[in-house]
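Q: I am sharing coords.pdb, which consists of PDB, C-alpha atoms:
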ATOM      1  CA  MET X   1       0.000   0.000   0.000
ATOM      2  CA  SER X   2       1.272   3.461  -0.882
ATOM      3  CA  ASP X   3      -0.830   5.307   1.673
ATOM      4  CA  GLU X   4       1.154   4.043   4.642
ATOM      5  CA  ARG X   5       3.893   6.186   6.060
ATOM      6  CA  ILE X   6       7.434   5.116   5.193
ATOM      7  CA  ASP X   7       9.864   5.081   8.082
ATOM      8  CA  LEU X   8      12.524   7.616   7.120
ATOM      9  CA  GLU X   9      13.734   8.236  10.657
ATOM     10  CA  ALA X  10      17.235   7.024   9.775
ATOM     11  CA  LEU X  11      17.556  10.219   7.715
ATOM     12  CA  SER X  12      16.396  12.516  10.487
ATOM     13  CA  ALA X  13      18.720  15.340  11.404
ATOM     14  CA  ALA X  14      17.536  14.951  14.999
ATOM     15  CA  ARG X  15      18.352  11.263  15.359
ATOM     16  CA  ASN X  16      21.285  12.310  17.518
ATOM     17  CA  PRO X  17      19.896  14.963  19.921
ATOM     18  CA  ALA X  18      23.306  16.151  21.136
ATOM     19  CA  ARG X  19      24.534  16.634  17.586
ATOM     20  CA  TYR X  20      21.299  18.391  16.646
ATOM     21  CA  GLU X  21      21.612  20.820  19.547
ATOM     22  CA  ALA X  22      25.254  21.478  18.640
ATOM     23  CA  LEU X  23      24.119  22.255  15.102
ATOM     24  CA  VAL X  24      21.451  24.638  16.424
ATOM     25  CA  GLN X  25      24.078  26.475  18.485
ATOM     26  CA  ARG X  26      26.526  26.607  15.562
ATOM     27  CA  ILE X  27      23.909  28.051  13.249
ATOM     28  CA  THR X  28      22.761  30.601  15.823
ATOM     29  CA  ALA X  29      26.355  31.696  16.430
ATOM     30  CA  ALA X  30      26.989  31.974  12.682
ATOM     31  CA  ALA X  31      23.876  34.109  12.236
ATOM     32  CA  MET X  32      24.792  36.387  15.125
ATOM     33  CA  ALA X  33      28.373  36.741  13.896
ATOM     34  CA  GLY X  34      27.260  37.373  10.350
ATOM     35  CA  ALA X  35      24.859  40.197  11.023
ATOM     36  CA  PRO X  36      24.807  41.843  14.438
ATOM     37  CA  LYS X  37      21.245  43.012  14.945
ATOM     38  CA  GLU X  38      20.371  46.443  16.177
ATOM     39  CA  THR X  39      19.334  46.644  19.791
ATOM     40  CA  VAL X  40      17.650  49.675  21.343
ATOM     41  CA  ALA X  41      20.960  50.597  23.015
ATOM     42  CA  THR X  42      23.060  50.250  19.855
ATOM     43  CA  SER X  43      20.394  52.130  17.947
ATOM     44  CA  LEU X  44      20.550  55.024  20.416
ATOM     45  CA  VAL X  45      24.344  55.072  20.300
ATOM     46  CA  LYS X  46      24.291  55.046  16.501
ATOM     47  CA  TRP X  47      21.755  57.872  16.228
ATOM     48  CA  GLY X  48      23.578  59.770  18.987
ATOM     49  CA  ARG X  49      26.731  59.639  16.892
ATOM     50  CA  VAL X  50      24.850  60.894  13.869
ATOM     51  CA  ALA X  51      23.385  63.762  15.899
ATOM     52  CA  MET X  52      26.833  64.682  17.257
ATOM     53  CA  ALA X  53      28.322  64.653  13.787
ATOM     54  CA  GLY X  54      25.474  66.863  12.544
ATOM     55  CA  ALA X  55      25.971  69.357  15.356
ATOM     56  CA  ALA X  56      29.718  69.470  14.678
ATOM     57  CA  LEU X  57      29.089  70.146  11.002
ATOM     58  CA  ALA X  58      26.591  72.907  11.812
ATOM     59  CA  SER X  59      29.125  74.564  14.144
ATOM     60  CA  LEU X  60      31.811  74.322  11.505
ATOM     61  CA  ALA X  61      29.481  75.782   8.909
ATOM     62  CA  ALA X  62      28.801  78.728  11.215
ATOM     63  CA  TRP X  63      32.485  79.273  12.079
ATOM     64  CA  VAL X  64      34.197  78.873   8.748
ATOM     65  CA  PRO X  65      32.844  82.049   7.055
ATOM     66  CA  ALA X  66      33.897  84.201   9.989
ATOM     67  CA  TRP X  67      37.213  82.397  10.208
ATOM     68  CA  VAL X  68      38.149  82.872   6.562
ATOM     69  CA  ARG X  69      36.956  86.496   6.553
ATOM     70  CA  GLU X  70      39.892  88.920   6.554
ATOM     71  CA  GLU X  71      40.891  90.115   9.971
ATOM     72  CA  PRO X  72      40.249  93.863  10.440
ATOM     73  CA  ALA X  73      43.334  96.010  10.486
ATOM     74  CA  ALA X  74      45.017  96.478  13.804
ATOM     75  CA  PRO X  75      43.890  99.664  15.535
ATOM     76  CA  SER X  76      46.070 102.510  14.474
ATOM     77  CA  HIS X  77      47.130 105.141  16.901
ATOM     78  CA  LEU X  78      48.662 107.193  14.105
ATOM     79  CA  ASP X  79      45.774 109.623  13.866
ATOM     80  CA  ALA X  80      45.702 110.311  17.611
ATOM     81  CA  THR X  81      49.461 110.855  17.886
ATOM     82  CA  THR X  82      49.505 112.949  14.741
ATOM     83  CA  TYR X  83      46.713 115.144  16.032
ATOM     84  CA  ALA X  84      48.509 115.365  19.386
ATOM     85  CA  SER X  85      51.796 116.364  17.781
ATOM     86  CA  TRP X  86      50.059 119.006  15.687
ATOM     87  CA  ALA X  87      48.308 120.386  18.741
ATOM     88  CA  HIS X  88      51.490 120.268  20.806
ATOM     89  CA  ALA X  89      53.514 122.055  18.125
ATOM     90  CA  GLY X  90      50.736 124.484  17.356
ATOM     91  CA  GLU X  91      50.992 123.521  13.671
ATOM     92  CA  VAL X  92      48.176 123.765  11.211
ATOM     93  CA  PRO X  93      48.261 120.658   9.012
ATOM     94  CA  SER X  94      48.136 121.050   5.313
ATOM     95  CA  SER X  95      45.109 119.833   3.427
ATOM     96  CA  VAL X  96      47.261 116.992   1.983
ATOM     97  CA  ASP X  97      48.170 115.815   5.504
ATOM     98  CA  VAL X  98      44.530 115.875   6.555
ATOM     99  CA  LEU X  99      43.539 113.959   3.436
ATOM    100  CA  ASP X 100      46.292 111.327   4.037
ATOM    101  CA  LEU X 101      45.139 110.913   7.602
ATOM    102  CA  SER X 102      41.522 110.456   6.602
ATOM    103  CA  LEU X 103      42.526 107.670   4.149
ATOM    104  CA  GLU X 104      44.391 105.687   6.854
ATOM    105  CA  PRO X 105      42.522 102.538   8.000
ATOM    106  CA  THR X 106      40.760 103.220  11.224
ATOM    107  CA  ASP X 107      39.829 100.992  14.129
ATOM    108  CA  VAL X 108      36.213 100.004  13.690
ATOM    109  CA  ARG X 109      35.857  98.506  17.140
TER     110      ARG X 109
ATOM    111  CA  MET C   1       5.069  32.998  30.361
ATOM    112  CA  ALA C   2       6.941  34.203  27.277
ATOM    113  CA  ASP C   3       5.164  34.005  23.935
ATOM    114  CA  ASP C   4       7.041  31.418  21.888
ATOM    115  CA  SER C   5       4.997  31.715  18.717
ATOM    116  CA  ASP C   6       6.974  32.189  15.510
ATOM    117  CA  SER C   7       5.714  35.787  15.308
ATOM    118  CA  ALA C   8       6.988  36.610  18.786
ATOM    119  CA  LEU C   9      10.312  34.848  18.215
ATOM    120  CA  VAL C  10      10.828  36.688  14.930
ATOM    121  CA  ALA C  11      10.053  40.024  16.623
ATOM    122  CA  ARG C  12      12.575  39.320  19.401
ATOM    123  CA  SER C  13      15.166  38.057  16.923
ATOM    124  CA  ARG C  14      14.880  41.327  15.018
ATOM    125  CA  LEU C  15      16.058  43.061  18.191
ATOM    126  CA  GLY C  16      19.093  40.787  18.378
ATOM    127  CA  ASP C  17      17.743  38.251  20.883
ATOM    128  CA  ALA C  18      19.998  35.235  20.226
ATOM    129  CA  GLY C  19      17.850  32.982  22.419
ATOM    130  CA  ALA C  20      14.773  33.743  20.338
ATOM    131  CA  PHE C  21      16.580  33.060  17.090
ATOM    132  CA  SER C  22      18.028  29.865  18.533
ATOM    133  CA  ALA C  23      14.458  28.721  19.321
ATOM    134  CA  LEU C  24      13.459  29.393  15.711
ATOM    135  CA  VAL C  25      16.453  27.389  14.479
ATOM    136  CA  ARG C  26      15.649  24.502  16.838
ATOM    137  CA  ARG C  27      12.034  24.466  15.647
ATOM    138  CA  HIS C  28      12.647  24.674  11.892
ATOM    139  CA  LEU C  29      16.057  23.081  11.365
ATOM    140  CA  ARG C  30      14.729  19.568  10.740
ATOM    141  CA  ALA C  31      12.449  20.717   7.947
ATOM    142  CA  ALA C  32      15.183  22.934   6.510
ATOM    143  CA  ILE C  33      17.556  19.971   6.367
ATOM    144  CA  SER C  34      14.868  17.709   4.878
ATOM    145  CA  VAL C  35      14.134  20.138   2.064
ATOM    146  CA  GLY C  36      17.867  20.602   1.462
ATOM    147  CA  LEU C  37      18.265  16.825   1.414
ATOM    148  CA  ALA C  38      15.485  16.529  -1.141
ATOM    149  CA  VAL C  39      17.319  18.898  -3.476
ATOM    150  CA  LEU C  40      20.963  18.089  -2.788
ATOM    151  CA  GLN C  41      20.687  14.402  -1.844
ATOM    152  CA  SER C  42      23.526  14.728   0.636
ATOM    153  CA  SER C  43      23.072  15.041   4.393
ATOM    154  CA  ALA C  44      26.267  17.044   4.854
ATOM    155  CA  ASP C  45      25.375  19.469   2.056
ATOM    156  CA  ALA C  46      21.833  19.742   3.393
ATOM    157  CA  GLU C  47      23.195  20.756   6.815
ATOM    158  CA  ASP C  48      25.593  23.299   5.323
ATOM    159  CA  ASN C  49      22.791  24.629   3.172
ATOM    160  CA  ALA C  50      20.484  24.922   6.181
ATOM    161  CA  GLN C  51      23.133  26.931   8.040
ATOM    162  CA  ASP C  52      23.564  29.306   5.099
ATOM    163  CA  ALA C  53      19.813  29.671   4.778
ATOM    164  CA  PHE C  54      19.366  30.524   8.469
ATOM    165  CA  VAL C  55      22.160  33.115   8.314
ATOM    166  CA  VAL C  56      20.534  34.699   5.260
ATOM    167  CA  ALA C  57      17.120  34.512   6.930
ATOM    168  CA  TYR C  58      18.477  36.263  10.028
ATOM    169  CA  GLN C  59      19.931  39.079   7.938
ATOM    170  CA  ALA C  60      16.652  39.386   6.040
ATOM    171  CA  LEU C  61      14.257  39.096   8.992
ATOM    172  CA  GLY C  62      13.075  42.633   8.339
ATOM    173  CA  THR C  63      11.681  41.496   4.985
ATOM    174  CA  CYS C  64       9.654  38.619   6.452
ATOM    175  CA  LYS C  65       6.200  40.084   5.904
ATOM    176  CA  GLU C  66       4.301  37.333   7.703
ATOM    177  CA  PRO C  67       6.326  36.302  10.760
ATOM    178  CA  ALA C  68       3.600  33.811  11.687
ATOM    179  CA  ARG C  69       4.586  31.925   8.526
ATOM    180  CA  PHE C  70       8.321  32.061   9.199
ATOM    181  CA  GLY C  71       8.660  28.341   8.405
ATOM    182  CA  ALA C  72       7.279  28.638   4.889
ATOM    183  CA  TRP C  73       9.366  31.775   4.269
ATOM    184  CA  LEU C  74      12.508  30.013   5.508
ATOM    185  CA  LEU C  75      11.889  26.962   3.328
ATOM    186  CA  ARG C  76      11.751  29.158   0.235
ATOM    187  CA  ILE C  77      15.214  30.467   1.150
ATOM    188  CA  VAL C  78      16.409  26.896   1.792
ATOM    189  CA  ARG C  79      15.147  25.683  -1.593
ATOM    190  CA  THR C  80      16.584  28.621  -3.519
ATOM    191  CA  ARG C  81      19.991  28.238  -1.929
ATOM    192  CA  ALA C  82      19.944  24.466  -2.384
ATOM    193  CA  LEU C  83      19.162  24.854  -6.073
ATOM    194  CA  ASN C  84      22.010  27.364  -6.395
ATOM    195  CA  ARG C  85      24.371  24.935  -4.687
ATOM    196  CA  LEU C  86      23.246  22.196  -7.000
ATOM    197  CA  ALA C  87      23.890  24.410 -10.002
ATOM    198  CA  GLN C  88      27.378  25.130  -8.718
ATOM    199  CA  ARG C  89      28.079  21.396  -8.497
ATOM    200  CA  LYS C  90      29.320  21.587  -4.950
ATOM    201  CA  VAL C  91      27.488  18.476  -3.949
ATOM    202  CA  ARG C  92      29.417  15.836  -2.111
ATOM    203  CA  ALA C  93      28.865  12.168  -2.802
ATOM    204  CA  GLU C  94      26.443  10.912  -0.190
ATOM    205  CA  VAL C  95      28.017   7.453  -0.179
ATOM    206  CA  ASP C  96      31.396   8.946   0.757
ATOM    207  CA  VAL C  97      29.874  10.961   3.563
ATOM    208  CA  VAL C  98      28.088   7.921   4.930
ATOM    209  CA  MET C  99      31.234   5.823   4.799
ATOM    210  CA  ASP C 100      33.208   8.546   6.552
ATOM    211  CA  GLU C 101      30.967   8.453   9.586
ATOM    212  CA  ALA C 102      32.415   6.578  12.497
ATOM    213  CA  THR C 103      30.568   3.395  13.359
ATOM    214  CA  SER C 104      30.964   2.234  16.891
ATOM    215  CA  SER C 105      28.356  -0.490  16.977
ATOM    216  CA  GLU C 106      26.563  -3.022  14.814
ATOM    217  CA  ALA C 107      23.323  -1.091  15.264
ATOM    218  CA  GLU C 108      24.945   2.067  13.926
ATOM    219  CA  ALA C 109      26.366   0.142  10.998
ATOM    220  CA  GLU C 110      22.867  -1.127  10.208
ATOM    221  CA  GLN C 111      21.552   2.437  10.396
ATOM    222  CA  LEU C 112      24.167   3.526   7.909
ATOM    223  CA  VAL C 113      23.208   0.755   5.502
ATOM    224  CA  LEU C 114      19.554   1.719   5.890
ATOM    225  CA  ARG C 115      20.398   5.349   5.222
ATOM    226  CA  ARG C 116      22.231   4.384   2.056
ATOM    227  CA  HIS C 117      19.228   2.400   0.861
ATOM    228  CA  LEU C 118      16.886   5.266   1.645
ATOM    229  CA  MET C 119      19.120   7.752  -0.128
ATOM    230  CA  LYS C 120      19.284   5.530  -3.199
ATOM    231  CA  GLY C 121      15.520   5.167  -3.106
ATOM    232  CA  LEU C 122      15.021   8.914  -2.794
ATOM    233  CA  ALA C 123      17.364   9.447  -5.735
ATOM    234  CA  ALA C 124      14.827   7.665  -7.940
ATOM    235  CA  LEU C 125      12.148  10.272  -7.111
ATOM    236  CA  THR C 126      11.634  13.737  -8.524
ATOM    237  CA  GLN C 127      12.720  16.675  -6.373
ATOM    238  CA  VAL C 128       9.192  17.644  -5.417
ATOM    239  CA  GLN C 129       8.334  14.026  -4.574
ATOM    240  CA  ARG C 130      11.350  13.902  -2.274
ATOM    241  CA  GLU C 131      10.341  17.169  -0.611
ATOM    242  CA  VAL C 132       6.786  16.005  -0.035
ATOM    243  CA  VAL C 133       7.653  12.541   1.256
ATOM    244  CA  LEU C 134      10.361  13.882   3.593
ATOM    245  CA  LEU C 135       8.162  16.653   4.995
ATOM    246  CA  HIS C 136       5.183  14.340   5.395
ATOM    247  CA  ASP C 137       6.664  11.022   6.473
ATOM    248  CA  LEU C 138       9.782  12.272   8.238
ATOM    249  CA  GLU C 139       8.746  15.648   9.622
ATOM    250  CA  GLY C 140       5.081  14.821  10.143
ATOM    251  CA  TRP C 141       3.747  17.843   8.264
ATOM    252  CA  ALA C 142       0.131  17.900   7.091
ATOM    253  CA  HIS C 143      -0.673  18.331   3.404
ATOM    254  CA  ALA C 144      -2.021  21.826   4.061
ATOM    255  CA  GLU C 145       1.342  22.885   5.545
ATOM    256  CA  ILE C 146       3.331  21.234   2.745
ATOM    257  CA  ALA C 147       1.130  22.834   0.112
ATOM    258  CA  GLN C 148       1.686  26.255   1.666
ATOM    259  CA  ALA C 149       5.440  25.851   2.043
ATOM    260  CA  LEU C 150       6.065  24.348  -1.385
ATOM    261  CA  GLU C 151       3.442  26.464  -3.160
ATOM    262  CA  LEU C 152       1.422  23.459  -4.322
ATOM    263  CA  SER C 153      -2.229  22.577  -4.046
ATOM    264  CA  GLU C 154      -3.130  20.059  -1.351
ATOM    265  CA  THR C 155      -4.297  17.674  -4.059
ATOM    266  CA  ASN C 156      -0.904  17.921  -5.749
ATOM    267  CA  SER C 157       0.806  17.290  -2.452
ATOM    268  CA  ARG C 158      -1.244  14.108  -1.946
ATOM    269  CA  GLN C 159      -0.499  12.927  -5.472
ATOM    270  CA  HIS C 160       3.221  13.532  -5.080
ATOM    271  CA  LEU C 161       3.204  11.646  -1.782
ATOM    272  CA  PHE C 162       1.383   8.696  -3.306
ATOM    273  CA  GLN C 163       3.806   8.460  -6.228
ATOM    274  CA  ALA C 164       6.824   8.992  -3.984
ATOM    275  CA  ARG C 165       5.859   6.227  -1.596
ATOM    276  CA  LYS C 166       5.122   3.833  -4.430
ATOM    277  CA  ALA C 167       8.490   4.437  -6.095
ATOM    278  CA  LEU C 168      10.369   4.425  -2.820
ATOM    279  CA  ARG C 169       8.871   1.122  -1.713
ATOM    280  CA  ALA C 170       9.799  -0.422  -5.048
ATOM    281  CA  LYS C 171      13.396   0.766  -4.695
ATOM    282  CA  LEU C 172      13.668  -0.373  -1.097
ATOM    283  CA  SER C 173      12.263  -3.743  -2.079
ATOM    284  CA  GLU C 174      14.908  -4.050  -4.818
ATOM    285  CA  ALA C 175      17.623  -3.130  -2.346
ATOM    286  CA  GLY C 176      16.336  -5.733   0.090
ATOM    287  CA  ASP C 177      16.477  -8.418  -2.574
ATOM    288  CA  GLU C 178      20.133  -7.686  -3.393
TER     289      GLU C 178
END
How does the structure come out when it is put into structure tokens?
A:
Amino acid sequence: MSDERIDLEALSAARNPARYEALVQRITAAAMAGAPKETVATSLVKWGRVAMAGAALASLAAWVPAWVREEPAAPSHLDATTYASWAHAGEVPSSVDVLDLSLEPTDVR
Amino acid sequence: MADDSDSALVARSRLGDAGAFSALVRRHLRAAISVGLAVLQSSADAEDNAQDAFVVAYQALGTCKEPARFGAWLLRIVRTRALNRLAQRKVRAEVDVVMDEATSSEAEAEQLVLRRHLMKGLAALTQVQREVVLLHDLEGWAHAEIAQALELSETNSRQHLFQARKALRAKLSEAGDE
């Protein structure tokens, strides 16, 4: 009769329980080693790193333009000392001297 | 008590719970090896194939749309990978593998002879007949489960089982007469 079950137990992978369990453990270890899954903790750490990197980039983006901008000229005391020397000497500066002085870079701060 | 349904185990495995995945492996490994055996006709290759399939399944757990049907989903991976292995001709000779196994008793030696006869008998069947007879007669699956996993109708599953048993009995009878 072909409707009776055939005994195939000799082919069963579980015929040796200890070996079967060892195989289960080997496969589980291989899966875990092959693709570490994301836990809540690792997920938080990962997204925390992304957030930190984003913040660092934003700071850099804000700093760089100011950093590369040319530094203003150092404050010049030329005008003050010149005026003082003119006042001290009682000299009247020529229009050329006044014009030169007005074209000198001045301290904007 | 923890929910040990396939759905729950898949959900926990997705979070990296090794114990949950181990439970899934323990539950479905026999069937995975049986289907691999049906395709590859080598116990050692079927075990290697099952390991590969579980590793792939673990990596792809996020794509398992119906975790309650993890078994059927896994068996599709097992079959695909087994067919790829077969195409790559990496199949070992079953007879060599059987002879390599250590035999420490007369009973074990008899088991090995029986296994060789069964493997020769299975070799005379078609792949789908082997899958059906192994899942039904070895793993105890119902036709409805086999039909779902192998994407057959239940009627087809019954027909394949009938033909498989008939051919297998004939082969085993021949082997017994030798």
Q: Any idea which chain C residues end up within 9 Å of chain X if we count only C-alpha atoms, as a ChimeraX atom specification please?
A: /C:13-19,21-23,25-26,29-31,33-34,43,47,50-52,54-59,111-112,114-115,118-119,133-134,136-139,161-169
Q: How many Å separate CA of Ala142 (chain C) from CA of Val35 (chain C)?
A: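 Atom-to-atom, CA of Ala142 (chain C) to CA of Val35 (chain C), that is 15.0 Å.
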Q: Work out how far CA of Thr126 (chain C) is from CA of Glu110 (chain C), in Å to one decimal.
A: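 About the pair CA of Glu110 (chain C) and CA of Thr126 (chain C): they are 26.4 Å apart.
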Q: Would you write out, as a PyMOL selection string, every residue that the PyMOL selection byres ((chain C and resi 77-88) around 8) captures in this file?
A: chain C and resi 32+35-36+39-40+46+49-50+52-53+56-57+73-76+89-91
Q: In Å, with one decimal, what is the gap from CA of Glu151 (chain C) to CA of Ala38 (chain C)?
A: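 We find that CA of Glu151 (chain C) and CA of Ala38 (chain C) lie 15.7 Å from each other.
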Q: Nearest residue to Leu172 (chain C) out of C:Cys64, C:Val113, C:Ala44, C:Leu135, using only C-alpha atoms?
A: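 Among C:Cys64, C:Val113, C:Ala44, C:Leu135, it is C:Val113 that comes nearest to Leu172 (chain C).
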Q: Edge lengths and centre, in Å to one decimal, as JSON: that's what I need for the box along x, y and z that holds all listed atoms of region 65-70 of chain X plus 4 Å on each side.
A:
{"center_x": 36.4, "center_y": 85.5, "center_z": 8.4, "size_x": 15.0, "size_y": 14.9, "size_z": 11.7}
Q: Which is closer to Ser173 (chain C) than all the others in C:Glu154, C:Ala149, C:His117, C:Arg12, using only C-alpha atoms?
A: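 Of C:Glu154, C:Ala149, C:His117, C:Arg12, the one nearest Ser173 (chain C), counting only C-alpha atoms, is C:His117.
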Q: Mind listing whatever residues come within 12 Å of the point (3.9, 33.9, 7.1)? Use all atoms listed in the file, file coordinates, and give them as a PyMOL selection string.
A: chain C and resi 5-7+10+61+63-76+145+148-149
